[in-house]
$ cat coords-v6.tsv   # TSV, C-alpha atoms and all ligand atoms
chain	number	residue	atom	x	y	z
B	15	MET	CA	-12.09	40.75	-20.94
B	16	ILE	CA	-8.54	40.44	-22.26
B	17	ASP	CA	-8.49	39.44	-25.91
B	18	SER	CA	-5.29	37.74	-26.93
B	19	GLU	CA	-3.70	35.76	-29.72
B	20	PHE	CA	-2.72	32.41	-28.34
B	21	HIS	CA	0.36	30.95	-30.02
B	22	GLY	CA	2.76	28.11	-29.59
B	23	PHE	CA	0.57	25.29	-28.32
B	24	GLY	CA	-0.05	22.06	-30.24
B	25	SER	CA	-1.95	22.65	-33.40
B	26	GLY	CA	-0.84	26.22	-34.11
B	27	PRO	CA	-2.14	29.72	-33.49
B	28	GLY	CA	-5.67	30.17	-32.29
B	29	LYS	CA	-7.71	32.94	-30.74
B	30	VAL	CA	-8.48	32.60	-27.07
B	31	ASP	CA	-10.40	35.05	-24.93
B	32	TRP	CA	-9.05	35.40	-21.42
B	33	LEU	CA	-11.77	36.35	-18.97
B	34	ARG	CA	-11.18	37.65	-15.47
B	35	PRO	CA	-14.49	37.62	-13.57
B	36	GLY	CA	-14.74	39.37	-10.22
B	37	SER	CA	-16.66	36.62	-8.43
B	38	LEU	CA	-16.94	32.84	-8.41
B	39	VAL	CA	-20.63	32.97	-9.33
B	40	GLU	CA	-19.79	35.01	-12.43
B	41	ALA	CA	-16.87	32.66	-13.19
B	42	ALA	CA	-19.16	29.61	-12.98
B	43	ARG	CA	-21.69	31.23	-15.32
B	44	MET	CA	-18.89	31.84	-17.85
B	45	ALA	CA	-17.46	28.34	-17.37
B	46	GLY	CA	-20.84	26.82	-18.21
B	47	GLU	CA	-20.52	28.10	-21.80
B	48	PRO	CA	-19.25	25.54	-24.36
B	49	GLY	CA	-15.52	25.87	-25.16
B	50	SER	CA	-14.71	27.47	-21.79
B	51	ALA	CA	-12.46	26.31	-18.97
B	52	ILE	CA	-11.33	27.56	-15.59
B	53	VAL	CA	-7.58	28.07	-15.25
B	54	ALA	CA	-6.08	27.76	-11.77
B	55	GLY	CA	-2.32	27.03	-11.91
B	56	GLY	CA	-2.64	26.08	-15.58
B	57	CYS	CA	-0.42	22.92	-15.43
B	58	GLU	CA	-3.05	20.57	-16.77
B	59	ILE	CA	-4.62	23.10	-19.13
B	60	ALA	CA	-1.19	23.81	-20.68
B	61	ARG	CA	-0.48	20.08	-20.98
B	62	GLY	CA	-3.83	19.51	-22.71
B	63	LEU	CA	-3.25	22.38	-25.13
B	64	ARG	CA	0.28	21.32	-25.91
B	65	PHE	CA	0.01	17.54	-26.12
B	66	GLY	CA	-3.66	16.64	-26.03
B	67	GLY	CA	-4.91	18.65	-29.00
B	68	VAL	CA	-7.39	20.37	-26.66
B	69	LYS	CA	-8.76	23.76	-27.75
B	70	PHE	CA	-10.62	26.38	-25.79
B	71	ALA	CA	-12.41	29.48	-27.00
B	72	ARG	CA	-12.35	31.06	-23.53
B	73	LEU	CA	-10.11	30.60	-20.55
B	74	ILE	CA	-11.31	31.95	-17.23
B	75	ALA	CA	-8.76	33.10	-14.69
B	76	LEU	CA	-9.80	33.36	-11.04
B	77	SER	CA	-7.04	35.77	-10.05
B	78	ASP	CA	-9.35	38.80	-9.71
B	79	VAL	CA	-11.67	37.04	-7.27
B	80	ASP	CA	-11.16	37.95	-3.59
B	81	ASP	CA	-9.79	35.38	-1.15
B	82	VAL	CA	-9.28	32.58	-3.69
B	83	ASP	CA	-5.84	31.83	-2.22
B	84	ARG	CA	-7.22	31.57	1.32
B	85	LEU	CA	-5.75	28.71	3.33
B	86	VAL	CA	-6.82	28.18	6.93
B	87	ALA	CA	-5.44	25.31	9.00
B	88	HIS	CA	-6.72	25.63	12.52
B	89	PRO	CA	-6.77	22.88	15.18
B	90	LYS	CA	-10.26	23.88	16.29
B	91	THR	CA	-12.02	24.89	13.08
B	92	GLY	CA	-10.32	22.58	10.57
B	93	LEU	CA	-8.64	22.93	7.22
B	94	SER	CA	-10.10	25.14	4.50
B	95	ILE	CA	-8.49	25.31	1.06
B	96	GLY	CA	-9.53	27.89	-1.56
B	97	PRO	CA	-9.39	27.52	-5.37
B	98	LEU	CA	-5.96	29.11	-5.88
B	99	VAL	CA	-4.12	27.53	-2.95
B	100	ARG	CA	-0.95	26.06	-4.44
B	101	LEU	CA	0.72	22.83	-3.40
B	102	ASP	CA	3.68	24.79	-2.03
B	103	ALA	CA	1.44	26.48	0.52
B	104	ILE	CA	0.48	23.04	1.84
B	105	ALA	CA	4.07	21.73	1.72
B	106	ASN	CA	5.34	24.70	3.74
B	107	HIS	CA	2.63	24.70	6.39
B	108	LEU	CA	3.88	23.35	9.73
B	109	TRP	CA	0.41	22.62	11.14
B	110	ILE	CA	-0.76	20.78	8.06
B	111	ALA	CA	2.36	18.61	8.32
B	112	LYS	CA	1.57	17.90	11.97
B	113	ARG	CA	-2.19	17.44	11.96
B	114	TRP	CA	-3.21	16.56	8.39
B	115	ALA	CA	-0.09	14.53	7.63
B	116	ALA	CA	-1.70	12.43	4.86
B	117	LEU	CA	-2.31	15.54	2.76
B	118	HIS	CA	1.16	16.90	3.47
B	119	GLU	CA	2.77	13.60	2.47
B	120	ALA	CA	0.68	13.38	-0.71
B	121	VAL	CA	1.82	16.87	-1.73
B	122	GLU	CA	5.44	15.86	-1.11
B	123	GLN	CA	4.94	13.03	-3.60
B	124	VAL	CA	4.01	15.42	-6.41
B	125	LEU	CA	7.12	15.54	-8.58
B	126	PRO	CA	9.05	17.32	-9.96
B	127	PRO	CA	9.01	19.78	-7.03
B	128	GLN	CA	8.77	22.80	-9.40
B	129	ILE	CA	5.19	21.74	-10.22
B	130	ARG	CA	4.22	22.54	-6.64
B	131	HIS	CA	4.95	26.26	-7.18
B	132	THR	CA	2.22	26.44	-9.80
B	133	ALA	CA	-0.22	23.57	-9.31
B	134	THR	CA	-3.23	24.08	-7.06
B	135	VAL	CA	-4.85	21.55	-4.75
B	136	ILE	CA	-8.28	21.98	-6.32
B	137	GLY	CA	-6.84	21.84	-9.86
B	138	ASN	CA	-5.26	18.50	-8.96
B	139	LEU	CA	-8.64	17.19	-7.83
B	140	CYS	CA	-10.66	18.59	-10.72
B	141	CYS	CA	-8.52	17.78	-13.74
B	142	GLY	CA	-10.15	14.44	-14.49
B	143	ARG	CA	-7.16	12.40	-13.24
B	144	PRO	CA	-8.31	10.43	-10.21
B	145	ASP	CA	-4.94	8.62	-10.30
B	146	TYR	CA	-3.23	11.78	-9.04
B	147	ASP	CA	-1.99	11.88	-5.47
B	148	LEU	CA	-4.24	14.25	-3.56
B	149	MET	CA	-7.61	12.51	-3.99
B	150	PRO	CA	-6.79	9.40	-1.89
B	151	ALA	CA	-5.26	11.49	0.90
B	152	LEU	CA	-8.21	13.87	1.12
B	153	MET	CA	-10.71	11.00	0.88
B	154	ALA	CA	-9.01	9.24	3.79
B	155	LEU	CA	-9.25	12.47	5.80
B	156	GLY	CA	-12.99	12.63	5.10
B	157	ALA	CA	-12.75	15.89	3.13
B	158	ALA	CA	-15.78	17.65	1.68
B	159	ALA	CA	-16.11	20.02	-1.26
B	160	ARG	CA	-18.20	23.13	-1.68
B	161	ALA	CA	-18.92	24.28	-5.22
B	162	VAL	CA	-20.97	26.76	-7.22
B	163	SER	CA	-22.85	25.71	-10.37
B	164	PRO	CA	-23.26	27.84	-13.54
B	165	SER	CA	-26.79	28.69	-12.37
B	166	GLY	CA	-25.41	29.91	-9.02
B	167	ASP	CA	-26.48	26.91	-6.92
B	168	ASP	CA	-24.41	26.02	-3.87
B	169	ILE	CA	-23.32	22.37	-4.11
B	170	ARG	CA	-21.84	20.39	-1.22
B	171	CYS	CA	-20.49	16.89	-1.51
B	172	ASN	CA	-18.03	14.48	0.02
B	173	LEU	CA	-14.82	14.17	-1.89
B	174	ASP	CA	-15.67	10.49	-2.51
B	175	GLU	CA	-18.44	11.74	-4.81
B	176	LEU	CA	-16.19	13.77	-7.17
B	177	TYR	CA	-15.45	10.67	-9.30
B	178	ASP	CA	-17.53	7.57	-9.88
B	179	GLY	CA	-15.99	4.09	-9.74
B	180	SER	CA	-14.97	4.25	-13.40
B	181	GLY	CA	-13.06	7.51	-12.89
B	182	LYS	CA	-15.70	9.82	-14.43
B	183	PHE	CA	-15.72	13.35	-12.96
B	184	MET	CA	-19.17	13.86	-11.53
B	185	LEU	CA	-19.62	17.63	-11.11
B	186	PRO	CA	-21.74	19.24	-13.85
B	187	ARG	CA	-19.86	21.17	-16.54
B	188	GLY	CA	-18.83	24.67	-15.46
B	189	THR	CA	-19.17	23.95	-11.75
B	190	ILE	CA	-16.41	25.62	-9.74
B	191	VAL	CA	-15.09	24.08	-6.55
B	192	ARG	CA	-14.77	27.01	-4.15
B	193	GLU	CA	-13.50	25.21	-1.04
B	194	ILE	CA	-12.16	21.90	0.20
B	195	PHE	CA	-12.86	21.42	3.88
B	196	VAL	CA	-11.36	18.88	6.28
B	197	ARG	CA	-12.60	18.50	9.84
B	198	PRO	CA	-10.31	19.40	12.76
B	199	PRO	CA	-8.02	16.55	13.75
B	200	SER	CA	-9.19	14.47	16.69
B	201	PRO	CA	-6.66	14.40	19.60
B	202	ASP	CA	-6.35	10.60	19.35
B	203	ALA	CA	-6.04	10.31	15.59
B	204	GLY	CA	-3.32	10.37	12.95
B	205	SER	CA	-3.07	9.97	9.19
B	206	ALA	CA	-0.53	8.97	6.57
B	207	PHE	CA	-0.04	8.64	2.81
B	208	ARG	CA	2.42	6.45	0.92
B	209	LYS	CA	3.05	5.80	-2.74
B	210	ILE	CA	5.17	3.42	-4.74
B	211	MET	CA	5.86	3.52	-8.46
B	212	VAL	CA	6.54	0.46	-10.58
B	213	THR	CA	7.91	1.82	-13.85
B	214	ASP	CA	5.41	4.65	-14.48
B	215	THR	CA	2.44	3.20	-12.63
B	216	PRO	CA	1.65	4.48	-9.13
B	217	LEU	CA	0.01	2.64	-6.26
B	218	SER	CA	-0.91	4.76	-3.27
B	219	ALA	CA	-2.48	4.20	0.13
B	220	ALA	CA	-3.91	6.79	2.49
B	221	ALA	CA	-5.10	6.08	6.02
B	222	TYR	CA	-6.68	7.77	9.01
B	223	VAL	CA	-6.65	5.96	12.36
B	224	GLY	CA	-8.38	7.09	15.56
B	225	LEU	CA	-7.53	5.25	18.80
B	226	ASN	CA	-9.39	4.93	22.11
B	227	ALA	CA	-8.27	6.85	25.22
B	228	ASP	CA	-5.51	4.42	26.28
B	229	ALA	CA	-4.46	3.74	22.67
B	230	SER	CA	-5.19	0.01	23.04
B	231	SER	CA	-7.85	-0.30	20.36
B	232	ILE	CA	-8.92	1.32	17.11
B	233	GLU	CA	-12.06	3.46	17.24
B	234	GLN	CA	-12.18	4.54	13.64
B	235	ALA	CA	-10.17	3.90	10.51
B	236	THR	CA	-10.26	4.81	6.86
B	237	LEU	CA	-8.13	3.18	4.21
B	238	VAL	CA	-8.09	4.35	0.59
B	239	LEU	CA	-6.15	2.81	-2.29
B	240	GLY	CA	-5.40	4.92	-5.35
B	241	GLY	CA	-3.06	5.36	-8.27
B	242	CYS	CA	-3.44	2.35	-10.54
B	243	LEU	CA	-7.19	1.93	-9.94
B	244	PRO	CA	-9.70	3.73	-12.20
B	245	ALA	CA	-10.54	5.93	-9.19
B	246	PRO	CA	-9.43	5.87	-5.54
B	247	VAL	CA	-11.57	3.56	-3.39
B	248	HIS	CA	-12.26	3.08	0.28
B	249	ILE	CA	-11.43	-0.48	1.25
B	250	SER	CA	-14.58	-0.71	3.35
B	251	VAL	CA	-14.07	-4.33	4.40
B	252	ALA	CA	-10.64	-3.41	5.84
B	253	GLU	CA	-12.10	-0.30	7.51
B	254	SER	CA	-14.77	-2.43	9.23
B	255	SER	CA	-12.24	-5.06	10.30
B	256	LEU	CA	-10.17	-2.36	12.00
B	257	ARG	CA	-13.02	-0.79	13.96
B	258	GLY	CA	-12.83	-2.10	17.53
B	259	ALA	CA	-9.73	-4.23	16.78
B	260	PRO	CA	-6.63	-4.11	19.01
B	261	ALA	CA	-4.19	-1.37	17.96
B	262	ARG	CA	-1.53	-3.90	17.02
B	263	THR	CA	0.45	-4.86	13.95
B	264	ALA	CA	-1.69	-8.00	13.44
B	265	SER	CA	-4.78	-5.79	12.88
B	266	TYR	CA	-2.97	-3.66	10.28
B	267	GLU	CA	-1.63	-6.80	8.59
B	268	GLN	CA	-5.13	-8.23	8.35
B	269	ALA	CA	-6.39	-4.94	6.86
B	270	GLY	CA	-3.47	-5.02	4.40
B	271	ARG	CA	-4.49	-8.52	3.27
B	272	LEU	CA	-8.07	-7.33	2.78
B	273	ALA	CA	-6.80	-4.35	0.74
B	274	ALA	CA	-4.78	-6.74	-1.39
B	275	ASP	CA	-7.87	-8.93	-1.98
B	276	GLY	CA	-9.76	-5.76	-2.92
B	277	LEU	CA	-7.16	-4.94	-5.57
B	278	ARG	CA	-7.12	-8.54	-6.87
B	279	THR	CA	-10.90	-8.61	-7.35
B	280	SER	CA	-11.29	-5.00	-8.54
B	281	GLY	CA	-11.04	-5.94	-12.22
B	282	VAL	CA	-8.09	-3.55	-12.69
B	283	ARG	CA	-5.88	-4.54	-15.62
B	284	LEU	CA	-2.24	-4.63	-14.56
B	285	ALA	CA	0.60	-6.70	-15.94
B	286	ASN	CA	1.88	-8.93	-13.16
B	287	LEU	CA	-1.19	-8.45	-10.98
B	288	GLU	CA	0.08	-10.75	-8.21
B	289	LEU	CA	3.11	-8.47	-7.67
B	290	TRP	CA	0.76	-5.48	-7.29
B	291	VAL	CA	-1.42	-7.43	-4.89
B	292	ARG	CA	1.58	-8.18	-2.67
B	293	LEU	CA	2.69	-4.56	-2.82
B	294	ALA	CA	-0.81	-3.40	-1.87
B	295	ALA	CA	-0.78	-5.59	1.27
B	296	VAL	CA	2.52	-4.15	2.48
B	297	LEU	CA	1.72	-0.57	1.49
B	298	ALA	CA	-1.68	-0.60	3.22
B	299	ARG	CA	-0.24	-2.17	6.40
B	300	ASP	CA	2.65	0.32	6.59
B	301	THR	CA	0.41	3.31	5.96
B	302	LEU	CA	-2.02	2.23	8.68
B	303	GLU	CA	0.85	1.65	11.14
B	304	GLN	CA	2.27	5.07	10.39
B	305	ALA	CA	-1.12	6.71	10.92
B	306	ALA	CA	-1.57	4.78	14.19
B	307	SER	CA	1.86	5.77	15.46
B	308	ARG	CA	0.93	9.42	14.87
B	309	ALA	CA	-2.34	8.81	16.69
B	310	ARG	CA	-0.43	7.51	19.73
B	311	SER	CA	1.42	10.80	20.14
B	312	LYS	CA	-1.78	12.53	21.28
B	313	HIS	CA	-2.25	16.24	20.88
B	314	ASN	CA	-4.51	18.76	22.49
B	315	PRO	CA	-6.33	21.13	20.10
B	316	PHE	CA	-6.37	23.80	22.82
B	317	ASP	CA	-2.57	23.67	23.21
B	318	ASP	CA	-2.19	23.67	19.44
B	319	ALA	CA	-4.33	26.77	19.15
B	320	GLN	CA	-2.32	28.51	21.90
B	321	SER	CA	1.00	27.75	20.26
B	322	MET	CA	-0.25	29.11	16.92
B	323	LEU	CA	-0.75	32.55	18.46
B	401	LIG	C1	5.24	17.67	-15.28
B	401	LIG	C2	4.10	17.35	-14.36
B	401	LIG	C3	4.28	16.43	-13.34
B	401	LIG	C4	3.22	16.12	-12.47
B	401	LIG	N1	3.43	15.21	-11.48
B	401	LIG	C5	2.39	14.89	-10.63
B	401	LIG	C6	2.57	13.97	-9.56
B	401	LIG	O1	3.64	13.43	-9.35
B	401	LIG	N2	1.49	13.72	-8.75
B	401	LIG	C7	0.28	14.35	-8.93
B	401	LIG	O2	-0.64	14.12	-8.16
B	401	LIG	N3	0.11	15.24	-9.93
B	401	LIG	C8	1.12	15.51	-10.79
B	401	LIG	N4	0.93	16.39	-11.80
B	401	LIG	C9	-0.39	16.98	-11.97
B	401	LIG	C10	-0.48	18.34	-11.30
B	401	LIG	O3	-0.45	18.21	-9.90
B	401	LIG	C11	-1.78	18.94	-11.78
B	401	LIG	O4	-1.62	19.20	-13.17
B	401	LIG	C12	-2.10	20.23	-11.07
B	401	LIG	O5	-2.29	20.03	-9.69
B	401	LIG	C13	-3.36	20.82	-11.64
B	401	LIG	O6	-3.59	22.02	-10.93
B	401	LIG	P1	-3.60	23.41	-11.71
B	401	LIG	O7	-3.88	24.44	-10.70
B	401	LIG	O8	-2.39	23.60	-12.55
B	401	LIG	O9	-4.87	23.14	-12.63
B	401	LIG	P2	-5.26	23.75	-14.04
B	401	LIG	O10	-4.38	23.18	-15.11
B	401	LIG	O11	-5.39	25.21	-13.97
B	401	LIG	O12	-6.71	23.12	-14.15
B	401	LIG	C14	-6.87	21.70	-14.20
B	401	LIG	C15	-8.33	21.35	-14.47
B	401	LIG	O13	-9.10	21.62	-13.31
B	401	LIG	C16	-10.12	22.56	-13.62
B	401	LIG	N5	-10.22	23.44	-12.46
B	401	LIG	C17	-9.23	24.18	-11.91
B	401	LIG	N6	-9.68	24.82	-10.82
B	401	LIG	C18	-10.98	24.46	-10.68
B	401	LIG	C19	-12.00	24.79	-9.73
B	401	LIG	N7	-11.79	25.62	-8.70
B	401	LIG	N8	-13.22	24.23	-9.89
B	401	LIG	C20	-13.47	23.37	-10.93
B	401	LIG	N9	-12.55	23.04	-11.85
B	401	LIG	C21	-11.33	23.57	-11.73
B	401	LIG	C22	-9.66	23.28	-14.87
B	401	LIG	O14	-10.73	23.80	-15.63
B	401	LIG	C23	-8.96	22.14	-15.60
B	401	LIG	O15	-9.88	21.32	-16.25
B	401	LIG	C24	1.96	16.74	-12.66
B	401	LIG	C25	1.78	17.67	-13.68
B	401	LIG	C26	2.82	17.98	-14.54
B	401	LIG	C27	2.62	19.00	-15.63

$ encode --input "coords-v6.tsv" --output "structure tokens"
Amino acid sequence: MIDSEFHGFGSGPGKVDWLRPGSLVEAARMAGEPGSAIVAGGCEIARGLRFGGVKFARLIALSDVDDVDRLVAHPKTGLSIGPLVRLDAIANHLWIAKRWAALHEAVEQVLPPQIRHTATVIGNLCCGRPDYDLMPALMALGAAARAVSPSGDDIRCNLDELYDGSGKFMLPRGTIVREIFVRPPSPDAGSAFRKIMVTDTPLSAAAYVGLNADASSIEQATLVLGGCLPAPVHISVAESSLRGAPARTASYEQAGRLAADGLRTSGVRLANLELWVRLAAVLARDTLEQAASRARSKHNPFDDAQSML
């Protein structure tokens, strides 16, 4: 344990114990204690201490735990992201840009760019801000999370389950997310993420589109809207309308209209709602078209694996 005086944040000097456990199970046990928090990149923790009047008795660093910065992006086994994988590592990874483009594009939207040197993927997902950029992208890609509870239990869930519809973080206090996993990309599929900002309010769309063998129709599709909603949501009615539909602009336009209706009826409070609704239609359509155009340039996981050697 490193005992330190903690000065210069918000409400003046305070005593904070810095703990450096040697394993994630030990870290989760410590994080379960009241007044404790895990620190990954520290961006959100520092912001809370400085501007949010948040106080902690104990901060738990994961830097002494083996393999926490492990990032594997393999065309056959999938994408595995550990607790201290920073956004830069995603931004600079050629194969993530090619095969998990929605995640890569979401990371590129995190601004200013300096934040990406420090911020971690899992910190972005776990900081209680479902309006941030990475959740919609990883939800559209069908990502799953693996976590360890303070009592040492192994928890597995889909990323969709991290927040409820009102934006409440659903993992029990002290639980540490140890891995985000995304399946290997299918040879006939592509993904995309786009975001627009109106003043300070974001609206984002993330999509995954899988086409049939001759790229004439859509076999599977996910469409997630995020940003200004309380939590990112799958637009299930649009996803169902796309399944089996011709792989043409008209299908993406129809899905865009359904996404717009979803935003209109979501109960979200936005000034000038009709403007947002129109933006949602265009954003959803364009994101789906981009994902589909990536799906058309098929790839072969075997060739990918060979060229990574
Ligand atoms: C100036 C600024 C601009 C930003 N701009 C954007 C933007 O444009 N788009 C965007 O999406 N985000 C933006 N962010 C948010 C930023 O991406 C997040 O603050 C960052 O990703 C959080 O990651 P971190 O590693 O710093 O988390 P930390 O601050 O270390 O932790 C954040 C929270 O997650 C918890 N936590 C961390 N790791 C784990 C784990 N493994 N298991 C369970 N809980 C954990 C911590 O206890 C804490 O509650 C911005 C932040 C700042 C400060």

$ residues_near_ligand --input "coords-v6.tsv" --ligand "ligand LIG 401 (chain B)" --cutoff "7 Å" --atoms "all atoms listed in the file" --output "PyMOL selection string"
chain B and resi 51-61+97+123-126+129+132-138+140-141+146-148+189-192

$ residues_around --input "coords-v6.tsv" --residues "Asp78 (chain B)" --least-positions-apart "6" --cutoff "8 Å" --atoms "all atoms listed in the file" --output "list in words"
Arg34, Pro35, Gly36 and Ser37 of chain B

$ atom_distance --input "coords-v6.tsv" --atom1 "CA of Gly204 (chain B)" --atom2 "CA of Ala306 (chain B)"
6.0 Å

$ residues_around --input "coords-v6.tsv" --residues "region 158-170 of chain B" --least-positions-apart "6" --cutoff "12 Å" --atoms "all atoms listed in the file" --output "MDAnalysis selection string"
chainID B and resid 37:48 50 92:97 135:136 139:140 149 152 176 185:197

$ atom_distance --input "coords-v6.tsv" --atom1 "CA of Leu277 (chain B)" --atom2 "CA of Asp145 (chain B)"
14.5 Å

$ atom_distance --input "coords-v6.tsv" --atom1 "CA of Arg113 (chain B)" --atom2 "CA of Asp228 (chain B)"
19.6 Å

$ residues_around --input "coords-v6.tsv" --residues "Pro216 (chain B)" --least-positions-apart "4" --cutoff "9 Å" --atoms "all atoms listed in the file" --output "PDB file with C-alpha atoms, in the coordinates of the input"
ATOM      1  CA  ASP B 145      -4.940   8.620 -10.300  1.00  0.00           C
ATOM      2  CA  TYR B 146      -3.230  11.780  -9.040  1.00  0.00           C
ATOM      3  CA  LYS B 209       3.050   5.800  -2.740  1.00  0.00           C
ATOM      4  CA  ILE B 210       5.170   3.420  -4.740  1.00  0.00           C
ATOM      5  CA  MET B 211       5.860   3.520  -8.460  1.00  0.00           C
ATOM      6  CA  VAL B 212       6.540   0.460 -10.580  1.00  0.00           C
ATOM      7  CA  GLY B 240      -5.400   4.920  -5.350  1.00  0.00           C
ATOM      8  CA  GLY B 241      -3.060   5.360  -8.270  1.00  0.00           C
ATOM      9  CA  CYS B 242      -3.440   2.350 -10.540  1.00  0.00           C
TER      10      CYS B 242
END

$ closest_atom_pairs --input "coords-v6.tsv" --of "region 63-173 of chain B" --to "region 291-304 of chain B" --cutoff "12 Å" --atoms "all atoms listed in the file" --output "CSV"
residue,atom,partner,partner_atom,distance
B:Ala115,CA,B:Gln304,CA,10.1
B:Ala116,CA,B:Thr301,CA,9.4
B:Glu119,CA,B:Thr301,CA,11.1
B:Ala151,CA,B:Thr301,CA,11.2
B:Ala154,CA,B:Leu302,CA,11.0

$ write_last_selection --input "coords-v6.tsv" --atoms "C-alpha atoms" --output "compact mmCIF listing (two decimals), keeping the file's coordinate frame"
# COMPACT_ATOMS: atom_id res chain seq x y z
CA ALA B 115 -0.09 14.53 7.63
CA ALA B 116 -1.70 12.43 4.86
CA GLU B 119 2.77 13.60 2.47
CA ALA B 151 -5.26 11.49 0.90
CA ALA B 154 -9.01 9.24 3.79

$ axis_aligned_box --input "coords-v6.tsv" --around "region 161-165 of chain B" --padding-each-side "8 Å" --output "lines of an AutoDock Vina configuration file"
center_x = -22.9
center_y = 26.5
center_z = -9.4
size_x = 23.9
size_y = 20.4
size_z = 24.3

$ closest_residue --input "coords-v6.tsv" --among "B:Leu239, B:Leu117, B:His313, B:Ala273" --to "Ser255 (chain B)" --atoms "only C-alpha atoms"
B:Ala273

$ closest_residue --input "coords-v6.tsv" --among "B:Ala245, B:Leu155, B:Leu76, B:Ile110" --to "Gly142 (chain B)" --atoms "only C-alpha atoms"
B:Ala245

$ closest_residue --input "coords-v6.tsv" --among "B:Met322, B:Leu108, B:Ile232, B:Leu217" --to "Pro244 (chain B)" --atoms "all atoms listed in the file"
B:Leu217

$ closest_residue --input "coords-v6.tsv" --among "B:Lys29, B:Arg64, B:Arg283, B:Lys312" --to "Ala203 (chain B)" --atoms "only C-alpha atoms"
B:Lys312

$ closest_residue --input "coords-v6.tsv" --among "B:Ala87, B:Leu73, B:Ala269, B:Val68" --to "Ala319 (chain B)" --atoms "only C-alpha atoms"
B:Ala87
